[in-house]
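First comes the structure, then the notes that go with it.
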Amino acid sequence: MNLAHLLQRRAQEHPDRAAIFHGTEAVATYAQWGQRSARLAARMRHAGLQPGERVLLFMRNHPRYLELLLGAWWAGLVAVPVNAKLHLREVQWIADNSQARLAFVTRDIVPDLSALTGLGAVMDVDGEACEAWLNEGVAMATVEERAADDTAWLFYTSGTTGRPKGVMITHRNLMTMGMGYFNDVDHVASGDAIVYAAPMSHGAGLYAIAHLMAGARHVVPLSGGFDAAELFDLGRQLGPLSMFAAPTIVKRIVDEAQAQGLTPGDCARSFKTIVYGGAPMYVADIRRALRVMGPRFVQIYGQGESPMTGTVLSRVHLADVAHPRHEQRIASVGVAQTPVRIRVAGPDGRSLPPGEVGEVLIRGDSVMAGYWRNPEASAAAIRDGWLWTGDMGALDADGFLTLKDRSKDLIISGGSNIYPREVEEVLLEAPGVHEVAVVGAPDPEWGEIVVAFVVPEPGATPDVAALDAFCLDHIARFKRPKRYVVVEALPKNNYGKVLKTALRARV
Ligand code: AMP
């Protein structure tokens with residue numbers, strides 16, 4: 001089954017129901033969404049794109065995002081969502097690697113459409129041509145047939161080797177995730193609304209599927225991103241909103257509630273459910289969030305390779321303060337979500353007893369088909385049907401998973417993943433840099449910030465402003481170090497491997 005069948009069905013069943021909002025303004029009913037996606041599908045096929053070919057979405061959150069995404073699926077194409085914060089060079093790499101034939105972009109991040117090359121066409125989503133593709137011409141009457149294991153979403157995650165890897169997420173994976181939402185995360189009624197304040201290119205955008213299944217409303221804020229006051233306001237006008245947010249964002253929403261002097265009852269008028277995940281949530285922070293805003297939080301743990309589907313710490317678990325193990329539970333990421341099994345294993349793959357720390361493994365219909373044209377990485381990540389997440393953790397006797405550390409040296413800053421190696425590779429190209437090691441340092445606002453330890457070349461004196469400018473030229477802004485520490489030498493073990501633990505201890 002193709003995910004676009006969900007839209008076709010909702011459009012037939014509830015044609016006049018408001019589906020997509022830009023701020024408080026309804027910009028598409030379900031019928032209009034269906035028609036636009038079907039017209040776009042016809043245009044793309046007419047332009048020569050064949051089922052299975054890739055279409056890049058390099059956009060800020062935009063009310064047309066969902067029409068384009070579903071249009072790509074309607075035509076049997078694979079959507080390649082790209083984080084709007086990436087550097088154009090990084091986007092070009094993804095376009096080349098995925099061999100995308102077409103890209104939809106917003107002009108604020110790609111002012112010059114010819115800057116992206118090698119694609120058949122690059123379309124401005126606010127331009128006249130895109131308008132015509134969506135609103136004029138003949139629609140593709142039937143949704144292209146797709147097998148459940150065909151790729152729907154090619155999601156590029158940063159690789160530890162410094163190069164991003166394309167995660168092949170299938171129609172089955174997303175269908176599983178969508179249906180799992182109702183059982184594990186939240187009930188969704190047709191009058192409900194989901195608001196996209198986090199990037200739609202990530203998990204937040206995938207929550208559109210459950211809300212499409214339910215025929216609910218989809219709201220893109222006018223700011224196109226996160227503005228706490230705007231969200232409270234939108235909720236008051238449209239009815240309580242549901243959303244996904246990284247812990248950093250949850251903190252800012254709670255700050256706003258406090259700044260406005262709101263009671264939990266007031267907060268309930270703006271928010272139905274806030275799903276958090278993607279990075280560790282500190283116990284003190286979730287306690288404060290519950291105290292200020294009431295029981296409207298649910299935690300999930302997942303990763304690009306099993307999108308949004310790993311464990312869940314439900315509203316009920318969070319509220320169960322009388323439970324003797326409540327303290328441990330709210331520090332955990334909860335229990336396995338319905339569609340998957342979770343276990344913790346040692347390096348030999350054997351399950352470890354409760355309490356012992358090992359690597360977290362996931363198995364189920366939400367787990368990716370593999371990495372795009374990368375059989376070695378796929379074979380390393382999925383062994384005997386189990387996804388090796390790279391996260392370290394321990395299960396307790398009740399099945400609650402607590403994450404301990406990440407086996408990779410991933411830095412998570414403001415909910416975004418940053419792989420040190422990628423930043424190191426850039427800095428090593430900068431003039432005057434002999435050696436470099438990048439680690440994360442705890443930060444109350446961002447969760448972690450990027451810190452670079454730099455060993456200068458003999459006789460050179462590193463200029464922090466120049467290093468910063470160099471990074472801005474090569475990688476996304478959010479990945480660049482916020483702090484530099486100049487050292488004579490890096491601590492290393494007998495094999496010459498940099499001791500990152502020692503560096504982390506220093507920061
Ligand atoms: P991504 O592939 O971008 O979704 O990042 C996934 C990684 O984020 C996971 O492998 C974890 O390391 C981390 N992560 C996701 N959810 C949580 C959570 N609830 N608590 C702590 N870390 C998380």
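Letters A, B, ... mark the chains of the structure tokens in the order given; residue numbers begin at 1 per chain; ligand numbers begin at 1, in order shown.
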Give the residue list for ligand 1 at 6 Å, counting only C-alpha atoms and all ligand atoms, as a PDB file with all heavy atoms, in the first residue's frame, sorted by chain and then by residue number.
ATOM      1  N   GLY A 277      11.411  14.147  22.802  1.00  0.00           N
ATOM      2  CA  GLY A 277      12.389  13.095  22.537  1.00  0.00           C
ATOM      3  C   GLY A 277      13.480  13.647  21.652  1.00  0.00           C
ATOM      4  O   GLY A 277      13.550  14.850  21.396  1.00  0.00           O
ATOM      5  N   GLY A 278      14.341  12.759  21.177  1.00  0.00           N
ATOM      6  CA  GLY A 278      15.423  13.176  20.288  1.00  0.00           C
ATOM      7  C   GLY A 278      16.696  13.514  21.021  1.00  0.00           C
ATOM      8  O   GLY A 278      17.761  13.586  20.425  1.00  0.00           O
ATOM      9  N   ALA A 279      16.608  13.731  22.313  1.00  0.00           N
ATOM     10  CA  ALA A 279      17.777  14.041  23.144  1.00  0.00           C
ATOM     11  C   ALA A 279      17.362  13.826  24.596  1.00  0.00           C
ATOM     12  O   ALA A 279      16.164  13.787  24.899  1.00  0.00           O
ATOM     13  CB  ALA A 279      18.208  15.482  22.917  1.00  0.00           C
ATOM     14  N   PRO A 280      18.344  13.675  25.497  1.00  0.00           N
ATOM     15  CA  PRO A 280      17.982  13.416  26.892  1.00  0.00           C
ATOM     16  C   PRO A 280      17.193  14.566  27.530  1.00  0.00           C
ATOM     17  O   PRO A 280      17.474  15.722  27.265  1.00  0.00           O
ATOM     18  CB  PRO A 280      19.347  13.276  27.591  1.00  0.00           C
ATOM     19  CG  PRO A 280      20.328  13.003  26.499  1.00  0.00           C
ATOM     20  CD  PRO A 280      19.795  13.684  25.273  1.00  0.00           C
ATOM     21  N   GLN A 299       6.959  10.996  26.433  1.00  0.00           N
ATOM     22  CA  GLN A 299       8.300  10.913  25.860  1.00  0.00           C
ATOM     23  C   GLN A 299       8.407   9.736  24.887  1.00  0.00           C
ATOM     24  O   GLN A 299       7.878   8.654  25.159  1.00  0.00           O
ATOM     25  CB  GLN A 299       9.357  10.720  26.966  1.00  0.00           C
ATOM     26  CG  GLN A 299      10.742  10.579  26.367  1.00  0.00           C
ATOM     27  CD  GLN A 299      11.886  10.477  27.379  1.00  0.00           C
ATOM     28  OE1 GLN A 299      13.010  10.784  27.072  1.00  0.00           O
ATOM     29  NE2 GLN A 299      11.575  10.042  28.580  1.00  0.00           N
ATOM     30  N   ILE A 300       9.093   9.956  23.796  1.00  0.00           N
ATOM     31  CA  ILE A 300       9.419   8.822  22.932  1.00  0.00           C
ATOM     32  C   ILE A 300      10.926   8.766  22.705  1.00  0.00           C
ATOM     33  O   ILE A 300      11.629   9.770  22.827  1.00  0.00           O
ATOM     34  CB  ILE A 300       8.703   8.868  21.554  1.00  0.00           C
ATOM     35  CG1 ILE A 300       9.073  10.121  20.755  1.00  0.00           C
ATOM     36  CG2 ILE A 300       7.213   8.754  21.686  1.00  0.00           C
ATOM     37  CD1 ILE A 300       9.979   9.867  19.606  1.00  0.00           C
ATOM     38  N   TYR A 301      11.388   7.571  22.410  1.00  0.00           N
ATOM     39  CA  TYR A 301      12.779   7.380  22.005  1.00  0.00           C
ATOM     40  C   TYR A 301      12.747   6.626  20.688  1.00  0.00           C
ATOM     41  O   TYR A 301      12.007   5.656  20.524  1.00  0.00           O
ATOM     42  CB  TYR A 301      13.539   6.586  23.080  1.00  0.00           C
ATOM     43  CG  TYR A 301      14.751   5.830  22.568  1.00  0.00           C
ATOM     44  CD1 TYR A 301      15.888   6.515  22.143  1.00  0.00           C
ATOM     45  CD2 TYR A 301      14.741   4.435  22.489  1.00  0.00           C
ATOM     46  CE1 TYR A 301      16.994   5.822  21.654  1.00  0.00           C
ATOM     47  CE2 TYR A 301      15.850   3.744  22.011  1.00  0.00           C
ATOM     48  CZ  TYR A 301      16.970   4.442  21.594  1.00  0.00           C
ATOM     49  OH  TYR A 301      18.050   3.766  21.102  1.00  0.00           O
ATOM     50  N   GLY A 302      13.526   7.091  19.750  1.00  0.00           N
ATOM     51  CA  GLY A 302      13.639   6.410  18.466  1.00  0.00           C
ATOM     52  C   GLY A 302      14.861   6.961  17.773  1.00  0.00           C
ATOM     53  O   GLY A 302      15.645   7.700  18.368  1.00  0.00           O
ATOM     54  N   GLN A 303      15.042   6.614  16.526  1.00  0.00           N
ATOM     55  CA  GLN A 303      16.113   7.229  15.745  1.00  0.00           C
ATOM     56  C   GLN A 303      15.741   7.150  14.282  1.00  0.00           C
ATOM     57  O   GLN A 303      14.784   6.453  13.922  1.00  0.00           O
ATOM     58  CB  GLN A 303      17.476   6.589  16.037  1.00  0.00           C
ATOM     59  CG  GLN A 303      17.578   5.139  15.751  1.00  0.00           C
ATOM     60  CD  GLN A 303      19.020   4.597  15.931  1.00  0.00           C
ATOM     61  OE1 GLN A 303      19.305   3.548  15.391  1.00  0.00           O
ATOM     62  NE2 GLN A 303      19.885   5.274  16.653  1.00  0.00           N
ATOM     63  N   GLY A 304      16.467   7.870  13.446  1.00  0.00           N
ATOM     64  CA  GLY A 304      16.144   7.903  12.022  1.00  0.00           C
ATOM     65  C   GLY A 304      15.932   6.511  11.459  1.00  0.00           C
ATOM     66  O   GLY A 304      15.082   6.300  10.594  1.00  0.00           O
ATOM     67  N   VAL A 333      13.462   6.191  29.378  1.00  0.00           N
ATOM     68  CA  VAL A 333      12.739   6.556  28.153  1.00  0.00           C
ATOM     69  C   VAL A 333      11.511   5.656  27.979  1.00  0.00           C
ATOM     70  O   VAL A 333      10.899   5.630  26.914  1.00  0.00           O
ATOM     71  CB  VAL A 333      13.653   6.520  26.895  1.00  0.00           C
ATOM     72  CG1 VAL A 333      14.695   7.623  26.956  1.00  0.00           C
ATOM     73  CG2 VAL A 333      14.326   5.156  26.715  1.00  0.00           C
ATOM     74  N   THR A 389      21.388   0.214  17.584  1.00  0.00           N
ATOM     75  CA  THR A 389      21.125   1.657  17.556  1.00  0.00           C
ATOM     76  C   THR A 389      22.364   2.506  17.816  1.00  0.00           C
ATOM     77  O   THR A 389      22.357   3.692  17.532  1.00  0.00           O
ATOM     78  CB  THR A 389      20.093   2.044  18.636  1.00  0.00           C
ATOM     79  OG1 THR A 389      20.654   1.705  19.916  1.00  0.00           O
ATOM     80  CG2 THR A 389      18.777   1.321  18.429  1.00  0.00           C
ATOM     81  N   ASP A 391      23.102   3.282  20.711  1.00  0.00           N
ATOM     82  CA  ASP A 391      22.820   3.861  22.026  1.00  0.00           C
ATOM     83  C   ASP A 391      23.092   2.816  23.093  1.00  0.00           C
ATOM     84  O   ASP A 391      22.776   1.644  22.903  1.00  0.00           O
ATOM     85  CB  ASP A 391      21.353   4.294  22.116  1.00  0.00           C
ATOM     86  CG  ASP A 391      21.052   5.485  21.234  1.00  0.00           C
ATOM     87  OD1 ASP A 391      21.819   6.462  21.299  1.00  0.00           O
ATOM     88  OD2 ASP A 391      20.073   5.432  20.470  1.00  0.00           O
ATOM     89  N   ARG A 406      25.950   7.353  24.696  1.00  0.00           N
ATOM     90  CA  ARG A 406      25.880   6.968  23.289  1.00  0.00           C
ATOM     91  C   ARG A 406      27.197   6.308  22.919  1.00  0.00           C
ATOM     92  O   ARG A 406      28.256   6.814  23.249  1.00  0.00           O
ATOM     93  CB  ARG A 406      25.632   8.199  22.435  1.00  0.00           C
ATOM     94  CG  ARG A 406      24.294   8.829  22.774  1.00  0.00           C
ATOM     95  CD  ARG A 406      24.052  10.060  21.954  1.00  0.00           C
ATOM     96  NE  ARG A 406      24.889  11.176  22.373  1.00  0.00           N
ATOM     97  CZ  ARG A 406      24.534  12.070  23.267  1.00  0.00           C
ATOM     98  NH1 ARG A 406      23.368  11.958  23.855  1.00  0.00           N
ATOM     99  NH2 ARG A 406      25.312  13.057  23.587  1.00  0.00           N
ATOM    100  N   ASN A 417      21.503  16.579  15.800  1.00  0.00           N
ATOM    101  CA  ASN A 417      22.671  15.710  15.935  1.00  0.00           C
ATOM    102  C   ASN A 417      23.886  16.321  15.267  1.00  0.00           C
ATOM    103  O   ASN A 417      23.805  16.786  14.138  1.00  0.00           O
ATOM    104  CB  ASN A 417      22.405  14.373  15.251  1.00  0.00           C
ATOM    105  CG  ASN A 417      21.424  13.547  16.028  1.00  0.00           C
ATOM    106  OD1 ASN A 417      20.993  13.957  17.102  1.00  0.00           O
ATOM    107  ND2 ASN A 417      21.069  12.398  15.504  1.00  0.00           N
TER     108      ASN A 417
END
A:Ser416: which residues within 10 Å, counting only C-alpha atoms, same-chain residues fewer than 5 positions away excluded, as a PyMOL selection string?
chain A and resi 83+246+278-279+411+446+448+478-479
Residues from last step as file, C-alpha atoms, as a PDB file, in the first residue's frame:
ATOM      1  CA  ASN A  83      17.071  19.903   7.081  1.00  0.00           C
ATOM      2  CA  ALA A 246      13.065  18.401  21.511  1.00  0.00           C
ATOM      3  CA  GLY A 278      15.423  13.176  20.288  1.00  0.00           C
ATOM      4  CA  ALA A 279      17.777  14.041  23.144  1.00  0.00           C
ATOM      5  CA  ILE A 411      26.772  15.511  20.213  1.00  0.00           C
ATOM      6  CA  TRP A 446      21.232  23.539  24.398  1.00  0.00           C
ATOM      7  CA  GLU A 448      25.230  20.157  24.745  1.00  0.00           C
ATOM      8  CA  PHE A 478      24.522  24.867  14.203  1.00  0.00           C
ATOM      9  CA  LYS A 479      27.404  22.410  13.876  1.00  0.00           C
TER      10      LYS A 479
END
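By only C-alpha atoms, and with residues fewer than 4 positions from A:Gly346 along its chain excluded, the set lying at most 8 Å from it is Arg350, Ser351, Leu352, Gly358 and Glu359 of chain A.
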Could you take the residues named above and write them with C-alpha atoms, as a short mmCIF file (atom, residue, chain, number, x, y, z; two decimals), in the first residue's frame?
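Result file is out.cif:
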data_model
loop_
_atom_site.label_atom_id
_atom_site.label_comp_id
_atom_site.auth_asym_id
_atom_site.auth_seq_id
_atom_site.Cartn_x
_atom_site.Cartn_y
_atom_site.Cartn_z
CA ARG A 350 23.53 -11.95 23.59
CA SER A 351 20.85 -10.28 25.73
CA LEU A 352 22.06 -8.86 29.03
CA GLY A 358 24.80 -2.73 26.72
CA GLU A 359 23.81 -1.61 23.26
#
request  = Per DSSP on the backbone, filter stretch 278-351 of chain A down to the residues in helix (DSSP H, G or I) and report them as a list in words.
outcome  = Val283, Ala284, Asp285, Ile286, Arg287, Arg288, Ala289, Leu290, Arg291, Val292, Met293, Arg315, Val316, His317, Leu318, Ala319, His326, Glu327, Gln328, Arg329 and Ile330 of chain A
> Residues of stretch 289-474 of chain A in strand (DSSP E or B) according to DSSP, as a ChimeraX atom specification?
Replying inline: /A:297-303,306-313,335-336,340-345,351,358-364,370-371,382-383,386-395,401-406,411-413,416-418,433-443,447-456
Self-check item: Within 10 Å of A:Ala132 using only C-alpha atoms, minus same-chain residues under 6 positions, as a PyMOL selection string
Solution: chain A and resi 36+39-40+43
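For the residues A:His317, A:Arg64, A:His14, A:Arg296, ranking by smallest atom-to-atom distance to A:Leu134 using only C-alpha atoms places A:Arg64 first.
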> Quick one: residues within 10 Å of A:Trp33, only C-alpha atoms counted, chain neighbours fewer than 5 positions away excluded, as a ChimeraX atom specification?
Replying inline: /A:7-8,10-11,15,18-20,27-28,38-39,64,66-68,70-71,134
Residues as selected, N, CA and C atoms, written as an mmCIF file, in the first residue's frame, can you do that?
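Result went into again-v3.cif, see below:
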data_model
loop_
_atom_site.group_PDB
_atom_site.id
_atom_site.type_symbol
_atom_site.label_atom_id
_atom_site.label_comp_id
_atom_site.auth_asym_id
_atom_site.auth_seq_id
_atom_site.Cartn_x
_atom_site.Cartn_y
_atom_site.Cartn_z
ATOM 1 N N LEU A 7 -4.409 9.722 2.000
ATOM 2 C CA LEU A 7 -4.923 11.042 1.623
ATOM 3 C C LEU A 7 -6.119 10.899 0.684
ATOM 4 N N GLN A 8 -5.987 10.000 -0.277
ATOM 5 C CA GLN A 8 -7.076 9.819 -1.243
ATOM 6 C C GLN A 8 -8.373 9.464 -0.505
ATOM 7 N N ARG A 10 -9.143 10.003 2.777
ATOM 8 C CA ARG A 10 -9.667 11.097 3.609
ATOM 9 C C ARG A 10 -10.341 12.149 2.740
ATOM 10 N N ALA A 11 -9.761 12.391 1.547
ATOM 11 C CA ALA A 11 -10.325 13.413 0.653
ATOM 12 C C ALA A 11 -11.707 12.983 0.144
ATOM 13 N N PRO A 15 -14.408 15.570 2.238
ATOM 14 C CA PRO A 15 -13.842 16.560 1.308
ATOM 15 C C PRO A 15 -13.796 17.979 1.865
ATOM 16 N N ALA A 18 -11.527 21.123 6.923
ATOM 17 C CA ALA A 18 -10.288 21.904 6.843
ATOM 18 C C ALA A 18 -9.115 21.004 7.232
ATOM 19 N N ALA A 19 -8.082 20.979 6.398
ATOM 20 C CA ALA A 19 -6.970 20.051 6.631
ATOM 21 C C ALA A 19 -5.672 20.776 6.983
ATOM 22 N N ILE A 20 -5.324 21.810 6.189
ATOM 23 C CA ILE A 20 -4.022 22.467 6.399
ATOM 24 C C ILE A 20 -4.248 23.943 6.731
ATOM 25 N N VAL A 27 -5.870 26.822 4.664
ATOM 26 C CA VAL A 27 -5.410 27.008 3.284
ATOM 27 C C VAL A 27 -5.743 25.807 2.392
ATOM 28 N N ALA A 28 -6.187 24.707 2.981
ATOM 29 C CA ALA A 28 -6.614 23.568 2.156
ATOM 30 C C ALA A 28 -7.609 22.706 2.931
ATOM 31 N N ALA A 38 -2.543 15.249 -6.240
ATOM 32 C CA ALA A 38 -2.778 14.415 -7.430
ATOM 33 C C ALA A 38 -2.343 15.145 -8.704
ATOM 34 N N ARG A 39 -2.539 16.476 -8.750
ATOM 35 C CA ARG A 39 -2.101 17.252 -9.927
ATOM 36 C C ARG A 39 -0.580 17.286 -9.981
ATOM 37 N N ARG A 64 2.832 24.278 2.199
ATOM 38 C CA ARG A 64 2.776 23.379 1.033
ATOM 39 C C ARG A 64 3.560 22.089 1.237
ATOM 40 N N LEU A 66 3.227 19.491 3.038
ATOM 41 C CA LEU A 66 2.478 18.222 3.039
ATOM 42 C C LEU A 66 1.869 17.922 1.670
ATOM 43 N N GLU A 67 1.504 18.967 0.919
ATOM 44 C CA GLU A 67 0.973 18.731 -0.431
ATOM 45 C C GLU A 67 2.070 18.166 -1.335
ATOM 46 N N LEU A 68 3.283 18.682 -1.175
ATOM 47 C CA LEU A 68 4.400 18.212 -1.998
ATOM 48 C C LEU A 68 4.803 16.787 -1.609
ATOM 49 N N LEU A 70 2.986 14.438 -0.091
ATOM 50 C CA LEU A 70 1.983 13.451 -0.503
ATOM 51 C C LEU A 70 1.901 13.350 -2.024
ATOM 52 N N GLY A 71 2.195 14.453 -2.706
ATOM 53 C CA GLY A 71 2.215 14.431 -4.178
ATOM 54 C C GLY A 71 3.312 13.509 -4.678
ATOM 55 N N LEU A 134 0.478 22.680 -8.830
ATOM 56 C CA LEU A 134 -0.451 22.242 -7.780
ATOM 57 C C LEU A 134 -1.910 22.533 -8.130
#
- Which residues come within 10 Å of A:Met175, counting only C-alpha atoms, excluding same-chain residues fewer than 2 positions away, as number ranges by chain? A: 1-3, 6, 148, 170-173, 177-180, 209-210, 213, 365-366
Output of the above residues as an mmCIF file, in the first residue's frame, restricted to N, CA and C atoms:
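Output (again04.cif):
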data_model
loop_
_atom_site.group_PDB
_atom_site.id
_atom_site.type_symbol
_atom_site.label_atom_id
_atom_site.label_comp_id
_atom_site.auth_asym_id
_atom_site.auth_seq_id
_atom_site.Cartn_x
_atom_site.Cartn_y
_atom_site.Cartn_z
ATOM 1 N N MET A 1 0.838 -1.206 0.000
ATOM 2 C CA MET A 1 0.000 0.000 0.000
ATOM 3 C C MET A 1 0.871 1.253 0.000
ATOM 4 N N ASN A 2 0.407 2.257 -0.728
ATOM 5 C CA ASN A 2 1.102 3.537 -0.805
ATOM 6 C C ASN A 2 0.498 4.461 0.263
ATOM 7 N N LEU A 3 1.332 5.203 0.980
ATOM 8 C CA LEU A 3 0.837 6.118 2.009
ATOM 9 C C LEU A 3 -0.134 7.150 1.433
ATOM 10 N N LEU A 6 -3.887 7.002 1.921
ATOM 11 C CA LEU A 6 -4.507 7.578 3.126
ATOM 12 C C LEU A 6 -5.139 8.930 2.787
ATOM 13 N N ALA A 148 4.744 -2.564 0.087
ATOM 14 C CA ALA A 148 4.980 -2.073 1.446
ATOM 15 C C ALA A 148 6.470 -1.834 1.711
ATOM 16 N N THR A 170 10.530 2.798 4.531
ATOM 17 C CA THR A 170 9.536 2.294 3.578
ATOM 18 C C THR A 170 8.105 2.725 3.943
ATOM 19 N N HIS A 171 7.205 2.448 3.013
ATOM 20 C CA HIS A 171 5.782 2.716 3.277
ATOM 21 C C HIS A 171 5.327 1.921 4.512
ATOM 22 N N ARG A 172 5.807 0.680 4.619
ATOM 23 C CA ARG A 172 5.437 -0.143 5.784
ATOM 24 C C ARG A 172 5.941 0.490 7.085
ATOM 25 N N ASN A 173 7.194 0.977 7.057
ATOM 26 C CA ASN A 173 7.777 1.598 8.253
ATOM 27 C C ASN A 173 6.893 2.759 8.734
ATOM 28 N N MET A 177 4.592 3.228 12.066
ATOM 29 C CA MET A 177 4.794 4.345 12.979
ATOM 30 C C MET A 177 3.484 5.106 13.197
ATOM 31 N N GLY A 178 2.771 5.352 12.098
ATOM 32 C CA GLY A 178 1.524 6.110 12.194
ATOM 33 C C GLY A 178 0.493 5.409 13.071
ATOM 34 N N MET A 179 0.314 4.104 12.850
ATOM 35 C CA MET A 179 -0.693 3.377 13.629
ATOM 36 C C MET A 179 -0.244 3.208 15.080
ATOM 37 N N GLY A 180 1.059 3.062 15.265
ATOM 38 C CA GLY A 180 1.598 2.917 16.623
ATOM 39 C C GLY A 180 1.320 4.142 17.481
ATOM 40 N N ILE A 209 1.525 11.741 9.549
ATOM 41 C CA ILE A 209 0.866 10.522 9.060
ATOM 42 C C ILE A 209 -0.272 10.086 9.988
ATOM 43 N N ALA A 210 -0.013 10.048 11.295
ATOM 44 C CA ALA A 210 -1.078 9.655 12.222
ATOM 45 C C ALA A 210 -2.231 10.657 12.134
ATOM 46 N N MET A 213 -4.146 9.967 9.044
ATOM 47 C CA MET A 213 -4.986 8.784 9.259
ATOM 48 C C MET A 213 -6.269 9.172 9.988
ATOM 49 N N ASP A 365 8.537 -3.716 12.527
ATOM 50 C CA ASP A 365 8.184 -3.208 11.191
ATOM 51 C C ASP A 365 8.491 -1.726 10.980
ATOM 52 N N SER A 366 8.981 -1.063 12.018
ATOM 53 C CA SER A 366 9.360 0.347 11.830
ATOM 54 C C SER A 366 10.831 0.471 11.460
#
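Between atom CA of A:Val78 and atom CA of A:Val340 lies a distance of 24.4 Å.
Taking only C-alpha atoms into account, A:Val485 lies nearest to A:Leu467 out of the set A:Glu429, A:Leu467, A:Ala216, A:Leu290.
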Exercise. Can you list, as a list in words, every protein, DNA or RNA residue that comes within 6 Å of A:Tyr484 when you count only C-alpha atoms, leaving out same-chain residues fewer than 6 positions away?
Worked result: Val451, Ala452 and Phe453 of chain A
Write out as JSON lines the residues of stretch 230-309 of chain A that have any atom within 12 Å of an atom of stretch 319-328 of chain A, one row each with the nearest atom pair and its distance in Å to one decimal, counting only C-alpha atoms, sorted by chain and then rising number.
{"residue": "A:Tyr282", "atom": "CA", "partner": "A:Glu327", "partner_atom": "CA", "distance": 11.9}
{"residue": "A:Val283", "atom": "CA", "partner": "A:Glu327", "partner_atom": "CA", "distance": 8.5}
{"residue": "A:Ala284", "atom": "CA", "partner": "A:Glu327", "partner_atom": "CA", "distance": 10.8}
{"residue": "A:Ile286", "atom": "CA", "partner": "A:Ala319", "partner_atom": "CA", "distance": 11.1}
{"residue": "A:Arg287", "atom": "CA", "partner": "A:Ala319", "partner_atom": "CA", "distance": 10.1}
{"residue": "A:Ala289", "atom": "CA", "partner": "A:Ala319", "partner_atom": "CA", "distance": 12.0}
{"residue": "A:Leu290", "atom": "CA", "partner": "A:Ala319", "partner_atom": "CA", "distance": 8.5}
{"residue": "A:Arg291", "atom": "CA", "partner": "A:Ala319", "partner_atom": "CA", "distance": 10.6}
{"residue": "A:Gly294", "atom": "CA", "partner": "A:Ala319", "partner_atom": "CA", "distance": 9.3}
{"residue": "A:Pro295", "atom": "CA", "partner": "A:Ala319", "partner_atom": "CA", "distance": 6.8}
{"residue": "A:Arg296", "atom": "CA", "partner": "A:Ala319", "partner_atom": "CA", "distance": 9.7}
{"residue": "A:Phe297", "atom": "CA", "partner": "A:Ala319", "partner_atom": "CA", "distance": 9.5}
{"residue": "A:Val298", "atom": "CA", "partner": "A:Ala319", "partner_atom": "CA", "distance": 10.3}
Judged by only C-alpha atoms, the minimum distance to A:Arg288 among A:Glu305, A:Asp463, A:Asp192, A:Asp255 is found for A:Asp255
Of A:Trp93, A:Tyr181, A:Tyr419, A:Phe155, the one sitting nearest A:Ala79 when using only C-alpha atoms is A:Phe155
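The space between atom CA of A:Ala476 and atom CA of A:Gly224 spans 18.8 Å.
For the atom pair formed by atom CA of A:Val292 and atom CA of A:Ala189, the distance is 25.4 Å, given to one decimal.
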